[in-house]
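**Q** Sending over final-v1.cif (mmCIF, C-alpha atoms).
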data_final
#
loop_
_atom_site.label_atom_id
_atom_site.label_comp_id
_atom_site.auth_asym_id
_atom_site.auth_seq_id
_atom_site.Cartn_x
_atom_site.Cartn_y
_atom_site.Cartn_z
CA MET D 16 -1.92 240.14 217.54
CA ILE D 17 -1.55 241.98 214.28
CA ALA D 18 -2.42 239.50 211.51
CA LYS D 19 0.47 238.40 209.30
CA THR D 20 -1.18 238.62 205.91
CA ILE D 21 0.11 238.06 202.38
CA GLN D 22 1.07 240.59 199.71
CA PRO D 23 -2.02 242.46 198.49
CA PRO D 24 -4.38 242.07 196.81
CA TYR D 25 -6.41 239.95 199.21
CA TYR D 26 -9.74 240.49 200.98
CA ALA D 27 -10.93 241.77 204.35
CA VAL D 28 -14.29 241.49 206.09
CA ILE D 29 -14.81 244.31 208.58
CA PHE D 30 -17.45 243.23 211.09
CA THR D 31 -18.49 246.09 213.37
CA SER D 32 -21.00 245.34 216.09
CA ILE D 33 -22.77 246.52 219.20
CA ARG D 34 -23.67 243.78 221.66
CA THR D 35 -26.88 243.44 223.55
CA SER D 36 -26.37 242.62 227.24
CA ILE D 37 -27.92 239.19 226.70
CA ASP D 38 -26.18 235.81 227.11
CA GLU D 39 -22.55 236.90 227.49
CA LYS D 40 -21.43 233.33 228.22
CA GLY D 41 -23.15 231.81 225.19
CA TYR D 42 -21.80 234.60 223.03
CA GLN D 43 -18.22 234.09 224.26
CA ASN D 44 -18.40 230.32 223.78
CA THR D 45 -19.72 230.65 220.26
CA ALA D 46 -17.19 233.38 219.39
CA GLU D 47 -14.36 231.04 220.42
CA ILE D 48 -15.77 228.14 218.44
CA MET D 49 -16.25 230.35 215.37
CA ASP D 50 -12.70 231.65 215.72
CA ARG D 51 -11.31 228.11 215.73
CA LEU D 52 -13.55 227.10 212.85
CA ALA D 53 -12.63 230.15 210.72
CA ARG D 54 -8.93 229.37 211.09
CA ARG D 55 -9.51 226.00 209.44
CA GLN D 56 -11.34 227.43 206.42
CA GLU D 57 -9.67 227.41 203.04
CA GLY D 58 -8.40 230.86 202.12
CA TYR D 59 -8.32 232.14 205.73
CA LEU D 60 -5.38 234.51 206.24
CA GLY D 61 -5.85 235.91 209.73
CA VAL D 62 -8.06 237.86 212.12
CA GLU D 63 -7.83 240.94 214.33
CA SER D 64 -10.34 241.80 217.02
CA ALA D 65 -11.04 244.44 219.67
CA ARG D 66 -14.10 245.50 221.64
CA ASN D 67 -15.10 248.43 223.85
CA GLU D 68 -18.62 249.81 223.41
CA LEU D 69 -18.06 248.97 219.78
CA GLY D 70 -16.63 245.65 218.64
CA ILE D 71 -14.50 245.40 215.53
CA THR D 72 -13.40 242.09 214.04
CA VAL D 73 -11.47 242.13 210.78
CA SER D 74 -10.92 238.79 209.11
CA TYR D 75 -8.63 238.39 206.11
CA TRP D 76 -9.20 236.06 203.17
CA SER D 77 -7.47 235.11 199.93
CA SER D 78 -10.60 235.54 197.77
CA THR D 79 -14.26 236.57 197.79
CA ASP D 80 -15.07 232.93 197.13
CA ALA D 81 -13.43 231.96 200.45
CA ILE D 82 -15.50 234.66 202.19
CA LEU D 83 -18.71 233.35 200.65
CA LYS D 84 -17.90 229.77 201.68
CA TRP D 85 -17.27 230.91 205.27
CA LYS D 86 -20.50 232.91 205.27
CA LYS D 87 -22.39 229.76 204.24
CA GLU D 88 -20.56 227.33 206.53
CA CYS D 89 -23.20 225.42 208.44
CA ALA D 90 -22.23 226.07 212.08
CA HIS D 91 -21.37 229.66 211.18
CA MET D 92 -24.86 230.16 209.71
CA ALA D 93 -26.39 228.94 212.97
CA ALA D 94 -24.17 231.39 214.89
CA GLN D 95 -25.18 234.25 212.56
CA LEU D 96 -28.83 233.49 213.29
CA LEU D 97 -28.28 233.60 217.05
CA GLY D 98 -26.30 236.81 216.56
CA LYS D 99 -29.23 238.44 214.80
CA GLU D 100 -31.75 237.14 217.32
CA LYS D 101 -30.06 237.91 220.60
CA TRP D 102 -26.37 238.87 220.69
CA TYR D 103 -26.23 241.98 218.52
CA GLU D 104 -28.10 245.20 218.95
CA ASP D 105 -26.64 246.32 215.63
CA TYR D 106 -23.89 245.31 213.23
CA ARG D 107 -22.40 246.09 209.86
CA VAL D 108 -20.45 243.81 207.53
CA ARG D 109 -18.14 245.39 204.96
CA VAL D 110 -16.41 243.25 202.35
CA CYS D 111 -13.25 244.92 201.06
CA LYS D 112 -10.38 244.34 198.70
CA VAL D 113 -7.06 245.17 200.39
CA GLU D 114 -5.11 247.08 197.75
CA ARG D 115 -1.96 248.06 199.63
CA GLU D 116 -0.47 247.85 203.09
CA TYR D 117 2.52 248.92 205.10
CA GLY D 118 3.70 248.80 208.69
CA LEU D 119 6.13 250.17 211.23
CA THR D 120 8.96 247.91 210.13
CA MET A 13 -20.83 254.05 217.03
CA ILE A 14 -21.12 252.12 213.80
CA ALA A 15 -20.18 254.50 210.97
CA LYS A 16 -22.99 255.50 208.64
CA THR A 17 -21.24 255.20 205.32
CA ILE A 18 -22.42 255.64 201.73
CA GLN A 19 -23.29 253.02 199.11
CA PRO A 20 -20.17 251.10 198.06
CA PRO A 21 -17.75 251.45 196.43
CA TYR A 22 -15.79 253.64 198.84
CA TYR A 23 -12.53 253.15 200.74
CA ALA A 24 -11.44 251.98 204.17
CA VAL A 25 -8.14 252.32 206.00
CA ILE A 26 -7.69 249.59 208.60
CA PHE A 27 -5.13 250.74 211.15
CA THR A 28 -4.17 247.97 213.57
CA SER A 29 -1.74 248.82 216.35
CA ILE A 30 -0.08 247.72 219.56
CA ARG A 31 0.73 250.57 221.95
CA THR A 32 3.90 250.96 223.94
CA SER A 33 3.26 251.90 227.57
CA ILE A 34 4.84 255.31 226.96
CA ASP A 35 3.08 258.69 227.21
CA GLU A 36 -0.57 257.63 227.52
CA LYS A 37 -1.70 261.22 228.07
CA GLY A 38 0.12 262.64 225.07
CA TYR A 39 -1.17 259.78 222.97
CA GLN A 40 -4.79 260.33 224.05
CA ASN A 41 -4.58 264.09 223.45
CA THR A 42 -3.16 263.64 219.99
CA ALA A 43 -5.66 260.89 219.14
CA GLU A 44 -8.52 263.27 219.99
CA ILE A 45 -7.04 266.10 217.95
CA MET A 46 -6.48 263.77 214.98
CA ASP A 47 -10.03 262.50 215.27
CA ARG A 48 -11.43 266.03 215.10
CA LEU A 49 -9.08 266.96 212.26
CA ALA A 50 -9.94 263.83 210.22
CA ARG A 51 -13.66 264.61 210.44
CA ARG A 52 -13.03 267.92 208.69
CA GLN A 53 -11.10 266.40 205.79
CA GLU A 54 -12.65 266.30 202.35
CA GLY A 55 -13.88 262.82 201.52
CA TYR A 56 -14.09 261.67 205.15
CA LEU A 57 -17.04 259.31 205.65
CA GLY A 58 -16.69 258.03 209.20
CA VAL A 59 -14.56 256.17 211.72
CA GLU A 60 -14.85 253.15 214.02
CA SER A 61 -12.43 252.38 216.81
CA ALA A 62 -11.83 249.83 219.57
CA ARG A 63 -8.83 248.85 221.67
CA ASN A 64 -7.90 245.98 224.01
CA GLU A 65 -4.39 244.59 223.73
CA LEU A 66 -4.81 245.31 220.05
CA GLY A 67 -6.18 248.60 218.76
CA ILE A 68 -8.24 248.74 215.57
CA THR A 69 -9.29 252.00 213.93
CA VAL A 70 -11.11 251.84 210.63
CA SER A 71 -11.61 255.15 208.81
CA TYR A 72 -13.80 255.43 205.73
CA TRP A 73 -13.15 257.68 202.74
CA SER A 74 -14.75 258.52 199.43
CA SER A 75 -11.56 258.00 197.39
CA THR A 76 -7.91 256.97 197.56
CA ASP A 77 -7.08 260.59 196.81
CA ALA A 78 -8.82 261.67 200.03
CA ILE A 79 -6.81 259.03 201.93
CA LEU A 80 -3.54 260.30 200.45
CA LYS A 81 -4.38 263.90 201.34
CA TRP A 82 -5.13 262.89 204.93
CA LYS A 83 -1.90 260.88 205.11
CA LYS A 84 0.04 263.99 204.04
CA GLU A 85 -1.87 266.51 206.16
CA CYS A 86 0.72 268.48 208.11
CA ALA A 87 -0.39 267.94 211.74
CA HIS A 88 -1.21 264.33 210.92
CA MET A 89 2.32 263.77 209.60
CA ALA A 90 3.73 265.11 212.87
CA ALA A 91 1.46 262.71 214.79
CA GLN A 92 2.54 259.79 212.59
CA LEU A 93 6.15 260.57 213.40
CA LEU A 94 5.47 260.58 217.16
CA GLY A 95 3.53 257.37 216.72
CA LYS A 96 6.51 255.68 215.10
CA GLU A 97 8.94 257.05 217.66
CA LYS A 98 7.16 256.39 220.90
CA TRP A 99 3.47 255.43 220.91
CA TYR A 100 3.40 252.25 218.85
CA GLU A 101 5.26 249.06 219.41
CA ASP A 102 3.90 247.82 216.10
CA TYR A 103 1.23 248.76 213.58
CA ARG A 104 -0.15 247.86 210.19
CA VAL A 105 -2.03 250.06 207.73
CA ARG A 106 -4.24 248.40 205.13
CA VAL A 107 -5.90 250.44 202.41
CA CYS A 108 -9.02 248.74 201.07
CA LYS A 109 -11.81 249.23 198.60
CA VAL A 110 -15.18 248.45 200.20
CA GLU A 111 -17.05 246.48 197.57
CA ARG A 112 -20.26 245.56 199.40
CA GLU A 113 -21.85 245.87 202.78
CA TYR A 114 -24.91 244.86 204.74
CA GLY A 115 -26.21 245.10 208.28
CA LEU A 116 -28.73 243.82 210.78
CA THR A 117 -31.51 246.08 209.51
#
Give the structure from this file in structure tokens form.

**A**
Amino acid sequence: MIAKTIQPPYYAVIFTSIRTSIDEKGYQNTAEIMDRLARRQEGYLGVESARNELGITVSYWSSTDAILKWKKECAHMAAQLLGKEKWYEDYRVRVCKVEREYGLT
Amino acid sequence: MIAKTIQPPYYAVIFTSIRTSIDEKGYQNTAEIMDRLARRQEGYLGVESARNELGITVSYWSSTDAILKWKKECAHMAAQLLGKEKWYEDYRVRVCKVEREYGLT
């Protein structure tokens, strides 16, 4: 689903990652839990995700403060640690300000 | 591949799309040509792409001027038109300023 976001400006976190081949089930479970948890965060606007060799998850937020709170959320911090230790071979996090947007319709 | 970008600030274009089931071959051909063409544009920094039901392509640029020039590049404009007419059921383009980034290493 294409995220239904607000009028810019708002914020995006582009999370690009390459998975290890370790613990697919644990990774999937945690990803689902994190997805549900993120949706309940204040300032959450939406998420878009796709994965082939490369995984891209873009989450949208109303402010950098909301992003920081999500980064420091307790269960999310535990998931980040497991991500670093076993799930990701490599990743990059880019925090962006969405300045303008347009679509097909 | 995770794009090797420069120190922020720089720019990102998040292109999120849902394909029609029309003309997969023509779409793939044009996507490859556009990829090669984009890499030769001034100000191009890199690209990341993944597709399941949803497709996400994030291209990185040194300036909004570089993004505008790529948007108006002749062959790219023709491809955009075909995209609107037959390849995409829906899409969203978000132009962003990357303010900070970090990775695993």

**Q** D:Asp80: which residues within 12 Å, counting only C-alpha atoms, same-chain residues fewer than 2 positions away excluded, as a list in words?

**A**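 Residues near the query, excluding close chain neighbours: Tyr25, Tyr26, Gln56, Glu57, Gly58, Tyr59, Trp76, Ser77, Ser78, Ile82, Leu83, Lys84, Trp85, Lys86, Lys87 and Val110 of chain D.
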
**Q** Grab the atom CA of D:Arg55 to atom CA of D:Trp102 distance for me, in Å with one decimal place.

**A**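 Going from atom CA of D:Arg55 over to atom CA of D:Trp102 covers 24.0 Å.
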
**Q** Using all atoms listed in the file, pick whichever of A:Leu94, A:Met13, A:Ile18, A:Ala43 has the shortest atom-to-atom distance to D:Arg34.

**A**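 Closest candidate: A:Met13.
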
**Q** Evaluate the PyMOL selection byres ((chain A and resi 69) around 9) against this structure - the residues, as a PyMOL selection string, please.

**A** (chain D and resi 71) or (chain A and resi 25-29+59-63+67-68+70-71)

**Q** Let's have the selection written as a JSON list (two decimals), in the frame of the given file, with C-alpha atoms.

**A**
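Contents of the output file part-v4.json:
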[["chain", "number", "residue", "atom", "x", "y", "z"],
["D", 71, "ILE", "CA", -14.50, 245.40, 215.53],
["A", 25, "VAL", "CA", -8.14, 252.32, 206.00],
["A", 26, "ILE", "CA", -7.69, 249.59, 208.60],
["A", 27, "PHE", "CA", -5.13, 250.74, 211.15],
["A", 28, "THR", "CA", -4.17, 247.97, 213.57],
["A", 29, "SER", "CA", -1.74, 248.82, 216.35],
["A", 59, "VAL", "CA", -14.56, 256.17, 211.72],
["A", 60, "GLU", "CA", -14.85, 253.15, 214.02],
["A", 61, "SER", "CA", -12.43, 252.38, 216.81],
["A", 62, "ALA", "CA", -11.83, 249.83, 219.57],
["A", 63, "ARG", "CA", -8.83, 248.85, 221.67],
["A", 67, "GLY", "CA", -6.18, 248.60, 218.76],
["A", 68, "ILE", "CA", -8.24, 248.74, 215.57],
["A", 70, "VAL", "CA", -11.11, 251.84, 210.63],
["A", 71, "SER", "CA", -11.61, 255.15, 208.81]]

**Q** Which distance in Å separates atom CA of A:Ala24 and atom CA of A:Lys109, to one decimal?

**A**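 Atom CA of A:Ala24 sits 6.2 Å away from atom CA of A:Lys109.
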
**Q** So what do you get for atom CA of A:Tyr114 versus atom CA of D:Arg109, distance-wise?

**A** 6.8 Å

**Q** Considering all atoms listed in the file, can you say which of D:Asn67, D:Glu88, D:Gln22, D:Met49 comes closest to chain A?

**A**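 Using all atoms listed in the file, the shortest distance to chain A belongs to D:Asn67.
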
**Q** List every protein, DNA or RNA residue with an atom no more than 12 Å from (-27.7, 242.3, 208.6) in the file's coordinates, counting all atoms listed in the file, and format the result as a PyMOL selection string.

**A** (chain D and resi 30-32+95-96+98-100+103-109) or (chain A and resi 113-117)

**Q** Pick from A:Cys86, A:Lys98, A:Leu57, A:Glu65: nearest to chain D, with all atoms listed in the file counted?

**A**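 The closest residue to chain D is A:Glu65.
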
**Q** Restricting the calculation to all atoms listed in the file, which member of D:Met92, D:Ala81, D:Leu69, D:Ile37 is positioned closest to chain A?

**A**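 Of the candidates, the smallest distance to chain A is held by D:Leu69.
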
**Q** Which one is closest to chain A: D:Thr20, D:Arg54, D:Glu39, D:His91? Count all atoms listed in the file.

**A** D:Thr20

**Q** When you count all atoms listed in the file, which of these residues is closest to A:Asp47: A:Pro20, A:Thr76, A:Ala87, A:Asp35?

**A**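 So, comparing all the options, the nearest one is A:Ala87.
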
**Q** Using 8 Å of padding on each side, determine the axis-aligned box around all atoms of stretch 15-33 of chain A present in the file and give its centre and edge lengths in Å to one decimal, as JSON.

**A**
{"center_x": -9.7, "center_y": 251.7, "center_z": 212.0, "size_x": 43.2, "size_y": 23.9, "size_z": 47.1}
